[in-house]
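First comes the structure, then the notes that go with it.
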Amino acid sequence: MPSREFVFELMRKSVHLVSIFIVLIYEFFGKDAILWVLMLFLVTVLILEYFRLEKGMKIPFFYMMYREHEADRLGGHIYFALGSIAVISLFNKEIAYAAVLMTTFGDMAAALIGKFYGKRRIFREVFKNDKSLEGSASEFITDLVVGLVITGNPIVSLVMAFSATLTETAVNKIDDNLVVPIFSGFFGQITLVLLMYF
């Protein structure tokens with residue numbers, strides 16, 4: 001196992017663990033508070049991105065965290081903030097929690113397991129990418145556990161985990177930090193509403 005690469009990937013993914021703080025701030029201080037925190041974060045990082053992308057500056061520490069394909073485009077943390085703002089604004093609290101945490105922990109599981117243990121690259125024909133069955137399976141299991149812990153509803157959790165995993169596996173050019181929370185949250189919310197009436 002390429003330990004140096006593993007540590008780098010782990011460091012990149014650990015940045016997303018701020019999602020735990022998103023959930024805690026929402027839980028203890030309310031929706032308005034976390035939306036303002038996220039907006040403040042978004043404004044701050046957009047200013048930093050301006051200097052990085054428009055002025056060519058290397059922001060200490062942060063420039064090391066970007067992947068090669070992010071060298072000339074917005075980093076994933078921008079899309080993560082936008083996705084979090086969307087789900088918190090529109091969806092039930094537990095659905096929003098689960099969507100945000102699935103984006104973090106599911107993506108982390110898929111990236112680490114898939115990158116270093118993935119052998120079966122079965123999605124090349126359908127999704128035109130090199131993602132592995134092992135990575136996708138680990139994401140699904142992780143997302144399902146997150147959903148069950150947060151919502152306590154097995155059907156909603158299953159729908160959200162499937163939506164998050166399918167979205168993560170299918171997208172190549174759209175940033176998964178944006179589409180995973182939105183799609184998992186949307187289908188989770190729809191499922192929750194349907195279950196209330198049927």
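By convention here, the chains of the structure tokens are called A, B, ... in the order presented, each chain's residues are numbered starting at 1, and ligands are numbered starting at 1 in the order presented.
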
Surrounding residues of A:Ile20 excluding itself and chain neighbours under 3 positions, 10 Å, only C-alpha atoms, as a ChimeraX atom specification
/A:16-17,23-26,97,100-101,104

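Distance annotation: of A:Phe91, A:Ile78, A:Gly83, A:Met108, the residue with the minimal separation from A:Ile190 is A:Phe91; atom set is only C-alpha atoms.
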
Extract the full set of alpha helix (DSSP H) residues from stretch 69-155 of chain A according to DSSP on the backbone, and format it as JSON, numbers by chain.
{"A": [76, 77, 78, 79, 80, 81, 82, 83, 84, 85, 86, 87, 88, 89, 90, 93, 94, 95, 96, 97, 98, 99, 100, 101, 107, 108, 109, 110, 111, 112, 113, 114, 115, 116, 117, 124, 125, 126, 127, 133, 134, 135, 136, 137, 138, 139, 140, 141, 142, 143, 144, 145, 146, 147, 148, 149, 150, 151, 154, 155]}

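The nearest approach to A:Val145 among the residues A:Phe105, A:Arg121, A:Ile113, A:Glu168, with only C-alpha atoms taken into account, belongs to A:Phe105.
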
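Across A:Val45, A:Leu194, A:Ala98, A:Val159, the tightest approach to A:Gly76 is made by A:Val45 when counting only C-alpha atoms.
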
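With only C-alpha atoms as the basis for measurement, A:Thr151 is the residue among A:Ser163, A:Thr151, A:Ser19, A:Ser157 that approaches A:Asn92 most closely.
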
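Shortest separation to A:Ala86 among A:Met102, A:Leu133, A:Ile182, A:Val149 occurs at residue A:Ile182, atoms counted being only C-alpha atoms.
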
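Residues in contact with A:Ile174 at up to 12 Å, not including ones fewer than 6 positions away on its chain and judged by only C-alpha atoms, are A:Arg73, A:Leu74, A:Gly75, A:Gly76, A:Tyr79, A:Thr167, A:Glu168, A:Val180.
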
What's the 12 Å shell around A:Leu195, counting only C-alpha atoms, without same-chain residues fewer than 5 positions away, as a PDB file with C-alpha atoms, in the first residue's frame?
```
ATOM      1  CA  ASN A 153     -35.980   4.662   9.271  1.00  0.00           C
ATOM      2  CA  PRO A 154     -34.711   1.675   7.246  1.00  0.00           C
ATOM      3  CA  ILE A 155     -36.638   2.561   4.068  1.00  0.00           C
ATOM      4  CA  VAL A 156     -35.531   6.198   4.039  1.00  0.00           C
ATOM      5  CA  GLY A 188     -34.865  10.827   1.209  1.00  0.00           C
ATOM      6  CA  GLN A 189     -37.311  13.694   1.748  1.00  0.00           C
ATOM      7  CA  ILE A 190     -39.655  12.427  -0.996  1.00  0.00           C
TER       8      ILE A 190
END
```

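The spacing separating atom CA of A:Tyr197 from atom CA of A:Leu144 amounts to 23.4 Å.
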
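What separates atom CA of A:Lys58 from atom CA of A:Val43 is a distance of 18.4 Å.
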
Distance of atom CA of A:Asp176 from atom CA of A:Glu54, expressed in Å to one decimal place
23.8 Å

Restricting to only C-alpha atoms, whichever of A:Ala137, A:Leu46, A:Ala99, A:Leu53 is closest to A:Ala111 is A:Ala137
